[in-house]
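Novice: Sharing coords-v4.cif, mmCIF, C-alpha atoms and all ligand atoms:
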```
data_entry
#
loop_
_atom_site.label_atom_id
_atom_site.label_comp_id
_atom_site.auth_asym_id
_atom_site.auth_seq_id
_atom_site.Cartn_x
_atom_site.Cartn_y
_atom_site.Cartn_z
CA MET K 1 -91.31 -24.15 112.01
CA GLU K 2 -92.82 -25.60 108.86
CA ASN K 3 -89.56 -27.26 107.78
CA LYS K 4 -88.55 -30.85 108.59
CA LYS K 5 -85.85 -29.94 111.08
CA LYS K 6 -86.35 -31.06 114.66
CA ASN K 7 -87.05 -28.49 117.38
CA VAL K 8 -84.70 -27.65 120.24
CA PHE K 9 -85.56 -25.60 123.33
CA SER K 10 -83.52 -24.83 126.42
CA GLY K 11 -83.36 -22.25 129.17
CA ILE K 12 -81.12 -20.96 131.92
CA GLN K 13 -81.91 -19.00 135.08
CA PRO K 14 -80.50 -15.49 135.57
CA THR K 15 -79.47 -16.18 139.16
CA GLY K 16 -75.87 -15.03 138.70
CA ILE K 17 -73.02 -15.40 136.24
CA PRO K 18 -73.15 -18.97 134.86
CA THR K 19 -70.48 -21.42 135.97
CA LEU K 20 -68.21 -23.64 133.94
CA GLY K 21 -70.70 -26.39 134.86
CA ASN K 22 -73.59 -24.53 133.19
CA TYR K 23 -71.37 -23.98 130.18
CA LEU K 24 -70.01 -27.50 129.68
CA GLY K 25 -73.23 -29.22 130.69
CA ALA K 26 -75.62 -27.19 128.56
CA MET K 27 -74.79 -23.77 127.06
CA ARG K 28 -71.79 -24.88 125.05
CA GLY K 29 -74.01 -27.16 122.98
CA TRP K 30 -76.62 -24.52 122.21
CA PRO K 31 -74.85 -22.70 119.35
CA LEU K 32 -73.59 -26.02 117.96
CA LEU K 33 -77.16 -27.26 117.46
CA GLN K 34 -78.29 -24.22 115.47
CA LYS K 35 -77.38 -25.51 112.01
CA GLU K 36 -79.15 -28.81 112.28
CA TYR K 37 -82.21 -27.85 114.35
CA ASN K 38 -84.78 -25.10 114.88
CA CYS K 39 -83.51 -23.73 118.17
CA ILE K 40 -85.17 -21.41 120.68
CA TYR K 41 -83.39 -20.29 123.84
CA SER K 42 -84.65 -18.44 126.87
CA VAL K 43 -83.45 -16.64 129.97
CA VAL K 44 -85.96 -18.13 132.41
CA ASP K 45 -86.44 -15.25 134.83
CA LEU K 46 -89.77 -16.54 136.22
CA HIS K 47 -88.03 -19.68 137.43
CA SER K 48 -85.52 -17.65 139.41
CA LEU K 49 -88.32 -16.04 141.50
CA THR K 50 -88.77 -19.33 143.35
CA VAL K 51 -85.82 -18.19 145.47
CA ARG K 52 -85.68 -14.59 146.79
CA GLN K 53 -83.84 -12.28 144.39
CA GLU K 54 -82.69 -8.68 144.78
CA PRO K 55 -84.71 -6.79 142.12
CA ALA K 56 -81.90 -4.55 140.78
CA LYS K 57 -79.51 -7.48 140.66
CA LEU K 58 -82.02 -9.73 138.90
CA ARG K 59 -82.62 -7.06 136.24
CA ARG K 60 -78.90 -6.69 135.61
CA GLN K 61 -78.24 -10.43 135.60
CA THR K 62 -81.04 -11.02 133.10
CA LEU K 63 -79.58 -8.53 130.60
CA SER K 64 -76.09 -9.82 131.28
CA LEU K 65 -77.21 -13.36 130.49
CA VAL K 66 -78.74 -12.28 127.17
CA ALA K 67 -75.35 -10.74 126.27
CA LEU K 68 -73.51 -13.85 127.42
CA LEU K 69 -75.68 -16.18 125.35
CA LEU K 70 -74.95 -14.05 122.29
CA ALA K 71 -71.24 -14.10 123.21
CA ILE K 72 -71.12 -17.92 123.23
CA GLY K 73 -72.40 -17.92 119.66
CA ILE K 74 -76.19 -17.95 119.66
CA ASP K 75 -77.26 -16.33 116.42
CA PRO K 76 -80.56 -14.56 117.07
CA GLU K 77 -81.37 -14.53 113.35
CA GLN K 78 -81.49 -18.32 113.43
CA SER K 79 -82.54 -18.96 117.01
CA PRO K 80 -85.01 -16.69 118.81
CA LEU K 81 -83.53 -15.63 122.15
CA PHE K 82 -86.00 -14.22 124.66
CA ILE K 83 -86.74 -13.45 128.29
CA GLN K 84 -89.33 -15.88 129.64
CA SER K 85 -91.56 -13.30 131.39
CA HIS K 86 -92.01 -11.46 128.06
CA VAL K 87 -93.92 -14.39 126.60
CA HIS K 88 -97.13 -14.78 128.58
CA THR K 89 -98.00 -18.25 127.22
CA HIS K 90 -95.37 -19.79 129.53
CA ALA K 91 -97.12 -18.87 132.78
CA GLU K 92 -100.51 -19.56 131.19
CA LEU K 93 -99.72 -23.05 129.96
CA ALA K 94 -98.04 -23.77 133.30
CA TRP K 95 -101.40 -23.13 135.01
CA LEU K 96 -103.19 -25.56 132.71
CA LEU K 97 -100.51 -28.19 133.24
CA ASN K 98 -100.57 -27.68 137.02
CA CYS K 99 -104.06 -29.15 136.88
CA TYR K 100 -102.66 -32.28 135.19
CA THR K 101 -99.72 -32.82 137.55
CA GLN K 102 -99.99 -34.72 140.79
CA PHE K 103 -98.81 -33.57 144.21
CA GLY K 104 -97.00 -36.89 144.62
CA GLU K 105 -95.05 -36.44 141.39
CA LEU K 106 -93.81 -32.99 142.39
CA SER K 107 -92.96 -34.21 145.90
CA ARG K 108 -90.51 -36.70 144.40
CA MET K 109 -88.41 -34.09 142.56
CA THR K 110 -84.92 -34.18 144.04
CA GLN K 111 -84.24 -30.52 143.21
CA PHE K 112 -87.34 -29.51 145.20
CA LYS K 113 -86.18 -31.62 148.14
CA ASP K 114 -82.64 -30.15 147.99
CA LYS K 115 -83.87 -26.56 147.73
CA SER K 116 -86.36 -27.06 150.56
CA VAL K 117 -83.49 -28.08 152.81
CA LYS K 118 -81.43 -25.07 151.65
CA HIS K 119 -84.24 -22.52 152.09
CA PRO K 120 -86.36 -23.96 154.94
CA ASP K 121 -88.01 -20.58 155.62
CA ASN K 122 -89.24 -20.16 152.04
CA ILE K 123 -90.69 -23.41 150.70
CA ASN K 124 -93.15 -21.60 148.45
CA ALA K 125 -95.72 -22.99 146.01
CA GLY K 126 -93.64 -21.69 143.07
CA LEU K 127 -90.68 -23.80 144.15
CA PHE K 128 -92.94 -26.83 144.32
CA CYS K 129 -94.56 -26.18 140.91
CA TYR K 130 -91.28 -25.13 139.24
CA PRO K 131 -91.01 -28.33 137.13
CA VAL K 132 -94.48 -27.67 135.67
CA LEU K 133 -93.38 -24.25 134.42
CA MET K 134 -90.34 -25.96 132.93
CA ALA K 135 -92.61 -28.52 131.24
CA ALA K 136 -94.68 -25.64 129.82
CA ASP K 137 -91.50 -23.94 128.47
CA ILE K 138 -90.60 -27.10 126.62
CA LEU K 139 -94.02 -28.32 125.45
CA LEU K 140 -95.07 -24.92 124.04
CA TYR K 141 -92.54 -25.24 121.21
CA GLN K 142 -93.29 -28.84 120.17
CA THR K 143 -89.74 -29.54 121.31
CA ASP K 144 -87.93 -32.72 120.25
CA LEU K 145 -84.64 -32.17 122.07
CA VAL K 146 -83.72 -30.33 125.25
CA PRO K 147 -79.97 -29.75 125.73
CA VAL K 148 -79.41 -29.79 129.52
CA GLY K 149 -77.00 -31.07 132.14
CA ALA K 150 -77.65 -34.37 133.93
CA ASP K 151 -79.32 -32.65 136.91
CA GLN K 152 -82.35 -31.73 134.77
CA LYS K 153 -83.09 -35.30 133.64
CA GLN K 154 -85.77 -35.89 136.26
CA HIS K 155 -87.58 -32.66 135.29
CA LEU K 156 -87.49 -33.76 131.66
CA GLU K 157 -89.03 -37.09 132.56
CA LEU K 158 -91.84 -35.29 134.34
CA ALA K 159 -92.42 -33.09 131.27
CA ARG K 160 -92.75 -36.27 129.20
CA ASP K 161 -95.20 -37.78 131.69
CA ILE K 162 -97.34 -34.63 131.71
CA ALA K 163 -97.33 -34.54 127.88
CA SER K 164 -98.40 -38.15 127.51
CA ARG K 165 -101.09 -37.80 130.18
CA PHE K 166 -102.54 -34.74 128.44
CA ASN K 167 -102.29 -36.33 124.98
CA GLY K 168 -103.90 -39.50 126.33
CA LEU K 169 -106.94 -37.49 127.43
CA TYR K 170 -107.25 -34.97 124.61
CA GLY K 171 -105.41 -36.30 121.54
CA ASP K 172 -102.12 -35.13 120.09
CA VAL K 173 -101.35 -31.72 121.55
CA PHE K 174 -97.74 -31.95 122.69
CA ARG K 175 -94.67 -33.57 121.17
CA GLN K 176 -92.63 -35.85 123.47
CA PRO K 177 -89.32 -34.13 124.30
CA GLU K 178 -86.05 -36.02 124.79
CA PRO K 179 -83.17 -34.81 126.97
CA TYR K 180 -79.96 -34.11 125.08
CA ILE K 181 -77.22 -34.65 127.63
CA PRO K 182 -73.57 -34.36 126.51
CA PRO K 183 -71.42 -37.50 126.86
CA SER K 184 -68.78 -35.49 128.75
CA GLY K 185 -69.28 -32.51 131.09
CA ALA K 186 -72.92 -33.34 131.90
CA ARG K 187 -72.13 -33.12 135.61
CA VAL K 188 -69.20 -30.86 136.41
CA MET K 189 -68.29 -31.17 140.09
CA SER K 190 -67.09 -28.57 142.60
CA LEU K 191 -63.34 -27.93 142.49
CA GLN K 192 -63.30 -27.98 146.31
CA ASP K 193 -65.57 -30.98 146.90
CA PRO K 194 -65.78 -33.28 143.88
CA THR K 195 -68.68 -35.20 145.40
CA LYS K 196 -70.88 -32.07 145.00
CA LYS K 197 -72.14 -30.49 141.77
CA MET K 198 -70.39 -27.25 140.73
CA SER K 199 -72.86 -24.51 141.61
CA LYS K 200 -72.76 -20.73 141.77
CA SER K 201 -74.64 -20.86 145.07
CA ASP K 202 -71.67 -22.65 146.69
CA THR K 203 -70.51 -20.65 149.72
CA ASN K 204 -66.88 -21.26 148.75
CA PRO K 205 -66.09 -19.34 145.50
CA ASN K 206 -63.04 -21.57 144.93
CA GLY K 207 -65.46 -24.42 144.23
CA TYR K 208 -66.67 -22.89 140.96
CA VAL K 209 -65.33 -21.10 137.90
CA LEU K 210 -67.58 -18.39 136.49
CA LEU K 211 -67.73 -17.78 132.75
CA LEU K 212 -66.60 -14.19 133.29
CA ASP K 213 -63.72 -14.95 135.69
CA ASP K 214 -60.45 -13.48 134.40
CA THR K 215 -57.51 -15.67 133.43
CA ASP K 216 -55.62 -15.23 136.72
CA THR K 217 -58.67 -16.17 138.76
CA ILE K 218 -59.28 -19.26 136.62
CA LEU K 219 -55.65 -20.39 136.93
CA ARG K 220 -55.70 -19.83 140.69
CA LYS K 221 -58.95 -21.77 141.20
CA PHE K 222 -57.62 -24.75 139.24
CA ARG K 223 -54.28 -24.67 141.08
CA ARG K 224 -56.24 -24.87 144.34
CA ALA K 225 -58.55 -27.63 143.10
CA VAL K 226 -58.81 -30.55 145.50
CA THR K 227 -57.21 -33.72 144.14
CA ASP K 228 -57.05 -37.25 145.49
CA SER K 229 -54.43 -39.37 147.18
CA GLY K 230 -51.63 -40.70 144.96
CA SER K 231 -50.28 -38.79 141.98
CA GLU K 232 -51.56 -40.62 138.91
CA ILE K 233 -53.70 -38.86 136.30
CA ILE K 234 -56.35 -41.52 135.74
CA SER K 235 -60.13 -41.43 135.62
CA THR K 236 -61.62 -43.82 138.20
CA PRO K 237 -64.50 -43.56 140.70
CA ASP K 238 -62.08 -43.56 143.64
CA LYS K 239 -60.37 -40.45 142.23
CA PRO K 240 -63.35 -38.06 141.92
CA GLY K 241 -61.19 -34.91 141.98
CA VAL K 242 -58.83 -35.96 139.18
CA SER K 243 -61.69 -37.52 137.21
CA ASN K 244 -63.60 -34.24 137.33
CA LEU K 245 -60.56 -32.29 136.09
CA MET K 246 -60.03 -34.85 133.34
CA ALA K 247 -63.65 -34.54 132.19
CA ILE K 248 -63.32 -30.74 132.05
CA TYR K 249 -60.01 -30.96 130.17
CA SER K 250 -61.45 -33.51 127.76
CA VAL K 251 -64.37 -31.26 126.77
CA VAL K 252 -62.31 -28.10 126.31
CA THR K 253 -59.47 -29.76 124.39
CA GLY K 254 -61.38 -32.50 122.57
CA LYS K 255 -58.87 -35.11 123.87
CA THR K 256 -60.05 -38.53 124.99
CA THR K 257 -59.46 -39.85 128.52
CA GLU K 258 -56.79 -42.27 127.14
CA GLU K 259 -54.94 -39.44 125.39
CA ILE K 260 -54.97 -37.35 128.57
CA GLU K 261 -53.69 -40.29 130.66
CA LYS K 262 -50.87 -40.79 128.16
CA ASP K 263 -49.97 -37.09 127.87
CA PHE K 264 -49.74 -36.64 131.64
CA ASP K 265 -48.22 -39.99 132.55
CA GLY K 266 -45.76 -39.38 135.41
CA LYS K 267 -46.22 -35.59 135.36
CA GLY K 268 -48.13 -35.27 138.67
CA TYR K 269 -51.14 -33.28 139.79
CA GLY K 270 -49.50 -29.83 139.82
CA ALA K 271 -48.66 -29.84 136.11
CA PHE K 272 -52.04 -31.26 135.22
CA LYS K 273 -54.00 -28.69 137.22
CA THR K 274 -52.04 -25.88 135.52
CA ALA K 275 -52.76 -27.38 132.09
CA VAL K 276 -56.50 -27.67 132.82
CA GLY K 277 -56.60 -24.06 134.10
CA GLU K 278 -54.81 -22.79 130.99
CA ALA K 279 -57.07 -24.70 128.62
CA VAL K 280 -60.22 -23.44 130.36
CA ALA K 281 -58.91 -19.85 130.47
CA GLU K 282 -58.14 -19.98 126.72
CA THR K 283 -61.64 -21.29 125.99
CA LEU K 284 -63.35 -18.60 128.03
CA ARG K 285 -61.19 -15.60 127.01
CA PRO K 286 -62.91 -14.93 123.64
CA VAL K 287 -66.35 -15.39 125.25
CA ARG K 288 -65.49 -12.78 127.89
CA GLU K 289 -64.17 -10.35 125.29
CA LYS K 290 -67.28 -10.63 123.13
CA TYR K 291 -69.49 -10.34 126.20
CA ASN K 292 -67.79 -7.09 127.28
CA ASP K 293 -68.59 -5.52 123.90
CA LEU K 294 -72.16 -6.79 123.80
CA PHE K 295 -73.12 -5.84 127.35
CA LYS K 296 -72.26 -2.19 126.64
CA ASN K 297 -74.77 -2.12 123.80
CA LYS K 298 -78.10 -2.09 125.63
CA ASP K 299 -80.07 -0.97 122.54
CA TYR K 300 -78.85 -3.96 120.60
CA LEU K 301 -79.70 -6.35 123.45
CA GLN K 302 -83.17 -4.83 123.68
CA LYS K 303 -83.71 -5.32 119.96
CA ILE K 304 -82.67 -8.97 120.20
CA TYR K 305 -84.83 -9.94 123.14
CA THR K 306 -87.83 -7.97 121.86
CA GLU K 307 -87.72 -9.66 118.47
CA GLY K 308 -87.04 -13.01 120.14
CA ALA K 309 -90.15 -12.64 122.32
CA GLU K 310 -92.31 -11.71 119.33
CA LYS K 311 -91.25 -14.85 117.48
CA ALA K 312 -91.56 -17.05 120.56
CA LEU K 313 -95.05 -15.74 121.30
CA GLN K 314 -96.17 -16.41 117.76
CA ILE K 315 -94.90 -20.00 117.82
CA SER K 316 -95.99 -20.84 121.36
CA GLN K 317 -99.47 -19.40 120.96
CA ARG K 318 -100.41 -22.13 118.47
CA THR K 319 -99.80 -24.86 121.04
CA TYR K 320 -101.29 -22.88 123.90
CA LEU K 321 -104.56 -22.16 122.07
CA LYS K 322 -104.79 -25.75 120.92
CA ALA K 323 -104.51 -26.92 124.54
CA CYS K 324 -107.15 -24.38 125.65
CA LYS K 325 -109.54 -25.50 122.94
CA LYS K 326 -109.13 -29.18 123.79
CA LEU K 327 -109.90 -28.42 127.43
CA GLY K 328 -113.14 -26.67 126.54
CA LEU K 329 -112.08 -23.11 127.26
CA VAL K 330 -113.84 -20.59 125.05
CA LEU K 331 -111.17 -18.97 122.90
CA PRO K 332 -111.06 -15.17 122.68
CA GLN K 333 -112.49 -14.05 119.31
P1 LIG J 1 -80.02 -23.86 135.56
O1 LIG J 1 -80.25 -22.42 135.27
O2 LIG J 1 -79.80 -24.27 136.98
O3 LIG J 1 -78.78 -24.40 134.74
C1 LIG J 1 -78.68 -24.20 133.33
C2 LIG J 1 -78.12 -25.46 132.71
O4 LIG J 1 -76.84 -25.79 133.26
C3 LIG J 1 -76.80 -27.15 133.62
N1 LIG J 1 -75.89 -27.30 134.78
C4 LIG J 1 -74.83 -28.13 134.82
N2 LIG J 1 -74.34 -28.99 133.91
C5 LIG J 1 -73.23 -29.70 134.25
N3 LIG J 1 -72.60 -29.57 135.45
C6 LIG J 1 -73.06 -28.72 136.40
N4 LIG J 1 -72.42 -28.60 137.56
C7 LIG J 1 -74.24 -27.96 136.10
N5 LIG J 1 -74.95 -27.03 136.79
C8 LIG J 1 -75.97 -26.65 135.96
C9 LIG J 1 -78.24 -27.50 133.96
O5 LIG J 1 -78.46 -28.89 133.83
C10 LIG J 1 -79.01 -26.68 132.94
O6 LIG J 1 -79.14 -27.40 131.72
N6 LIG J 1 -84.60 -25.78 135.34
C11 LIG J 1 -83.49 -25.31 134.56
C12 LIG J 1 -83.82 -24.15 133.67
C13 LIG J 1 -84.98 -24.35 132.77
C14 LIG J 1 -84.99 -25.14 131.59
C15 LIG J 1 -86.30 -24.98 131.06
C16 LIG J 1 -84.04 -25.92 130.95
C17 LIG J 1 -86.21 -23.79 132.92
N7 LIG J 1 -86.99 -24.16 131.88
C18 LIG J 1 -86.67 -25.64 129.90
C19 LIG J 1 -84.42 -26.58 129.79
C20 LIG J 1 -85.72 -26.43 129.26
C21 LIG J 1 -82.40 -24.87 135.50
O7 LIG J 1 -82.63 -24.56 136.62
O8 LIG J 1 -81.19 -24.73 134.92
#
```
Could you render the structure as structure tokens?

Specialist:
Amino acid sequence: MENKKKNVFSGIQPTGIPTLGNYLGAMRGWPLLQKEYNCIYSVVDLHSLTVRQEPAKLRRQTLSLVALLLAIGIDPEQSPLFIQSHVHTHAELAWLLNCYTQFGELSRMTQFKDKSVKHPDNINAGLFCYPVLMAADILLYQTDLVPVGADQKQHLELARDIASRFNGLYGDVFRQPEPYIPPSGARVMSLQDPTKKMSKSDTNPNGYVLLLDDTDTILRKFRRAVTDSGSEIISTPDKPGVSNLMAIYSVVTGKTTEEIEKDFDGKGYGAFKTAVGEAVAETLRPVREKYNDLFKNKDYLQKIYTEGAEKALQISQRTYLKACKKLGLVLPQ
């Protein structure tokens, strides 16, 4: 990373097939940033252990996600793509940073509070310290920009606080990362309850669209999407259902809210929901086709994530060793 380009890092958990929310909020931007920035992307499998996973399923989902990230256009020649647990500096830096993060700070994380309510019988230390591991992921690569959805903003702020606290004590070790949140699609809502974020852990599968759903399923889920009273296609806070569909349609077609309002003036919800479903299905079809080819080729996937981990280790080790040295740890000779 000797060139002048800025550094980008982001990650996604292999907890299932990503949703349209994951895609529009974060993943879609990842390949687009490759030309202008030094990008590194990771399947963050260690993060997913904070909630119980079925081992065989986790293994499959991790490989599947590597294939899917390649299918959306990540070019591994330009952007190292790796599995988090293959690069030991992540867990190691997380330990160091744990010692510079306060209990009170972690207690305020809304995702921790939400997940504690959802899994009351498994409020483990990993779940509590999860944002510190995320800070380590980011800070290891001297990251400038982190492309994420709006729900990760609070974690990013914590990463910035940890970085400035550490730098304040020991001098310049970490660069201050900024969130890179898209203007549209940063918070895609459930198709069944537009006051809730679209999430693959939703008990009602009609609430989310998965990136690998086939065209018929996508069309059906959009036809069933909950809309609001009235029949006008306008984006306002008192029409959360229609506003959500408009945001989705705007990202996948590139049309502005005004253009959409004009195009669908007087056409009613039914026609609009069909149009949104068709546009999403057309966007996801080529991704699914590429994915199906890539997922069959396990040797190729292995080559990509192995090389990605080698590069990521090399880059991240510089920061990790610098942090160790500043703290007074004796470095291995
Ligand atoms: P994760 O795996 O839950 O989600 C991956 C990305 O998808 C975004 N996202 C959404 N965006 C818009 N609308 C939605 N409904 C929606 N649901 C999810 C998330 O904001 C995220 O960008 N902690 C992270 C993973 C992580 C990470 C990192 C990210 C670990 N280390 C370092 C960036 C940098 C997470 O759980 O994302």

Novice: Residues at most 7 Å from ligand LIG 1 (chain J), using all atoms listed in the file? Could they come as a PyMOL selection string?

Specialist: chain K and resi 9-14+21-27+44+47+133-135+137-138+146-152+185-189+197-199

Novice: Keeping only C-alpha atoms, write those residues as an mmCIF file, in the coordinates of the input.

Specialist:
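File produced: part.cif:
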```
data_model
loop_
_atom_site.group_PDB
_atom_site.id
_atom_site.type_symbol
_atom_site.label_atom_id
_atom_site.label_comp_id
_atom_site.auth_asym_id
_atom_site.auth_seq_id
_atom_site.Cartn_x
_atom_site.Cartn_y
_atom_site.Cartn_z
ATOM 1 C CA PHE K 9 -85.560 -25.600 123.330
ATOM 2 C CA SER K 10 -83.520 -24.830 126.420
ATOM 3 C CA GLY K 11 -83.360 -22.250 129.170
ATOM 4 C CA ILE K 12 -81.120 -20.960 131.920
ATOM 5 C CA GLN K 13 -81.910 -19.000 135.080
ATOM 6 C CA PRO K 14 -80.500 -15.490 135.570
ATOM 7 C CA GLY K 21 -70.700 -26.390 134.860
ATOM 8 C CA ASN K 22 -73.590 -24.530 133.190
ATOM 9 C CA TYR K 23 -71.370 -23.980 130.180
ATOM 10 C CA LEU K 24 -70.010 -27.500 129.680
ATOM 11 C CA GLY K 25 -73.230 -29.220 130.690
ATOM 12 C CA ALA K 26 -75.620 -27.190 128.560
ATOM 13 C CA MET K 27 -74.790 -23.770 127.060
ATOM 14 C CA VAL K 44 -85.960 -18.130 132.410
ATOM 15 C CA HIS K 47 -88.030 -19.680 137.430
ATOM 16 C CA LEU K 133 -93.380 -24.250 134.420
ATOM 17 C CA MET K 134 -90.340 -25.960 132.930
ATOM 18 C CA ALA K 135 -92.610 -28.520 131.240
ATOM 19 C CA ASP K 137 -91.500 -23.940 128.470
ATOM 20 C CA ILE K 138 -90.600 -27.100 126.620
ATOM 21 C CA VAL K 146 -83.720 -30.330 125.250
ATOM 22 C CA PRO K 147 -79.970 -29.750 125.730
ATOM 23 C CA VAL K 148 -79.410 -29.790 129.520
ATOM 24 C CA GLY K 149 -77.000 -31.070 132.140
ATOM 25 C CA ALA K 150 -77.650 -34.370 133.930
ATOM 26 C CA ASP K 151 -79.320 -32.650 136.910
ATOM 27 C CA GLN K 152 -82.350 -31.730 134.770
ATOM 28 C CA GLY K 185 -69.280 -32.510 131.090
ATOM 29 C CA ALA K 186 -72.920 -33.340 131.900
ATOM 30 C CA ARG K 187 -72.130 -33.120 135.610
ATOM 31 C CA VAL K 188 -69.200 -30.860 136.410
ATOM 32 C CA MET K 189 -68.290 -31.170 140.090
ATOM 33 C CA LYS K 197 -72.140 -30.490 141.770
ATOM 34 C CA MET K 198 -70.390 -27.250 140.730
ATOM 35 C CA SER K 199 -72.860 -24.510 141.610
#
```

Novice: Please report, as CSV, each residue of region 28-108 of chain K lying at most 12 Å from region 301-316 of chain K, together with the nearest pair of atoms and the separation in Å rounded to one decimal; use all atoms listed in the file, and order rows by chain and ascending residue number.

Specialist:
```
residue,atom,partner,partner_atom,distance
K:Asn38,CA,K:Ile315,CA,11.7
K:Cys39,CA,K:Ala312,CA,10.7
K:Ile40,CA,K:Ala312,CA,7.7
K:Tyr41,CA,K:Gly308,CA,8.9
K:Ser42,CA,K:Gly308,CA,9.0
K:Val43,CA,K:Tyr305,CA,9.7
K:Thr62,CA,K:Tyr305,CA,10.7
K:Leu63,CA,K:Leu301,CA,7.5
K:Ser64,CA,K:Leu301,CA,9.3
K:Leu65,CA,K:Leu301,CA,10.2
K:Val66,CA,K:Leu301,CA,7.1
K:Ala67,CA,K:Leu301,CA,6.8
K:Leu68,CA,K:Leu301,CA,10.5
K:Leu69,CA,K:Leu301,CA,10.8
K:Leu70,CA,K:Leu301,CA,9.1
K:Ala71,CA,K:Leu301,CA,11.5
K:Ile74,CA,K:Ile304,CA,11.1
K:Asp75,CA,K:Ile304,CA,9.9
K:Pro76,CA,K:Ile304,CA,6.7
K:Glu77,CA,K:Ile304,CA,8.9
K:Gln78,CA,K:Gly308,CA,10.2
K:Ser79,CA,K:Gly308,CA,8.1
K:Pro80,CA,K:Gly308,CA,4.4
K:Leu81,CA,K:Gly308,CA,4.8
K:Phe82,CA,K:Tyr305,CA,4.7
K:Ile83,CA,K:Tyr305,CA,6.5
K:Gln84,CA,K:Ala309,CA,8.0
K:Ser85,CA,K:Ala309,CA,9.2
K:His86,CA,K:Ala309,CA,6.1
K:Val87,CA,K:Leu313,CA,5.6
K:His88,CA,K:Leu313,CA,7.6
K:Thr89,CA,K:Ser316,CA,6.7
K:His90,CA,K:Ser316,CA,8.3
K:Ala91,CA,K:Ser316,CA,11.6
K:Glu92,CA,K:Ser316,CA,10.9
K:Leu93,CA,K:Ser316,CA,9.6
```

Novice: Go ahead and save the picked residues with C-alpha atoms, as a PDB file, in the coordinates of the input.

Specialist:
```
ATOM      1  CA  ASN K  38     -84.780 -25.100 114.880  1.00  0.00           C
ATOM      2  CA  CYS K  39     -83.510 -23.730 118.170  1.00  0.00           C
ATOM      3  CA  ILE K  40     -85.170 -21.410 120.680  1.00  0.00           C
ATOM      4  CA  TYR K  41     -83.390 -20.290 123.840  1.00  0.00           C
ATOM      5  CA  SER K  42     -84.650 -18.440 126.870  1.00  0.00           C
ATOM      6  CA  VAL K  43     -83.450 -16.640 129.970  1.00  0.00           C
ATOM      7  CA  THR K  62     -81.040 -11.020 133.100  1.00  0.00           C
ATOM      8  CA  LEU K  63     -79.580  -8.530 130.600  1.00  0.00           C
ATOM      9  CA  SER K  64     -76.090  -9.820 131.280  1.00  0.00           C
ATOM     10  CA  LEU K  65     -77.210 -13.360 130.490  1.00  0.00           C
ATOM     11  CA  VAL K  66     -78.740 -12.280 127.170  1.00  0.00           C
ATOM     12  CA  ALA K  67     -75.350 -10.740 126.270  1.00  0.00           C
ATOM     13  CA  LEU K  68     -73.510 -13.850 127.420  1.00  0.00           C
ATOM     14  CA  LEU K  69     -75.680 -16.180 125.350  1.00  0.00           C
ATOM     15  CA  LEU K  70     -74.950 -14.050 122.290  1.00  0.00           C
ATOM     16  CA  ALA K  71     -71.240 -14.100 123.210  1.00  0.00           C
ATOM     17  CA  ILE K  74     -76.190 -17.950 119.660  1.00  0.00           C
ATOM     18  CA  ASP K  75     -77.260 -16.330 116.420  1.00  0.00           C
ATOM     19  CA  PRO K  76     -80.560 -14.560 117.070  1.00  0.00           C
ATOM     20  CA  GLU K  77     -81.370 -14.530 113.350  1.00  0.00           C
ATOM     21  CA  GLN K  78     -81.490 -18.320 113.430  1.00  0.00           C
ATOM     22  CA  SER K  79     -82.540 -18.960 117.010  1.00  0.00           C
ATOM     23  CA  PRO K  80     -85.010 -16.690 118.810  1.00  0.00           C
ATOM     24  CA  LEU K  81     -83.530 -15.630 122.150  1.00  0.00           C
ATOM     25  CA  PHE K  82     -86.000 -14.220 124.660  1.00  0.00           C
ATOM     26  CA  ILE K  83     -86.740 -13.450 128.290  1.00  0.00           C
ATOM     27  CA  GLN K  84     -89.330 -15.880 129.640  1.00  0.00           C
ATOM     28  CA  SER K  85     -91.560 -13.300 131.390  1.00  0.00           C
ATOM     29  CA  HIS K  86     -92.010 -11.460 128.060  1.00  0.00           C
ATOM     30  CA  VAL K  87     -93.920 -14.390 126.600  1.00  0.00           C
ATOM     31  CA  HIS K  88     -97.130 -14.780 128.580  1.00  0.00           C
ATOM     32  CA  THR K  89     -98.000 -18.250 127.220  1.00  0.00           C
ATOM     33  CA  HIS K  90     -95.370 -19.790 129.530  1.00  0.00           C
ATOM     34  CA  ALA K  91     -97.120 -18.870 132.780  1.00  0.00           C
ATOM     35  CA  GLU K  92    -100.510 -19.560 131.190  1.00  0.00           C
ATOM     36  CA  LEU K  93     -99.720 -23.050 129.960  1.00  0.00           C
TER      37      LEU K  93
END
```

Novice: Between K:Leu329, K:Val276, K:Leu97, K:Leu169, which residue has the minimum interatomic distance to Leu140 (chain K), considering only C-alpha atoms?

Specialist: K:Leu97

Novice: When you look at region 116-123 of chain K with a cut-off of 9 Å (counting all atoms listed in the file), what residues show up, excluding the ones that are within fewer than 5 positions of it in the same chain? I need them as a PyMOL selection string.

Specialist: chain K and resi 50-52+111+128

Novice: Show me, as a ChimeraX atom specification, the residues that have an atom within 10 Å of Ser250 (chain K) when counting only C-alpha atoms, minus same-chain residues fewer than 2 positions from it.

Specialist: /K:184-185,244-248,252-260,276,279

Novice: When distances are computed from all atoms listed in the file, which of K:Lys153, K:Lys322, K:Lys239, K:Lys5 shows the smallest separation from Leu33 (chain K)?

Specialist: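 Counting all atoms listed in the file, the residue closest to Leu33 (chain K) is K:Lys5.
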
Novice: When you draw a straight line from CA of Phe295 (chain K) to CA of Lys221 (chain K), how long is it in Å?

Specialist: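 If I compute the distance from CA of Phe295 (chain K) to CA of Lys221 (chain K), I get 25.4 Å.
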
Novice: What does the distance between CA of Val287 (chain K) and CA of Asn7 (chain K) come to in Å, to one decimal place?

Specialist: 25.7 Å
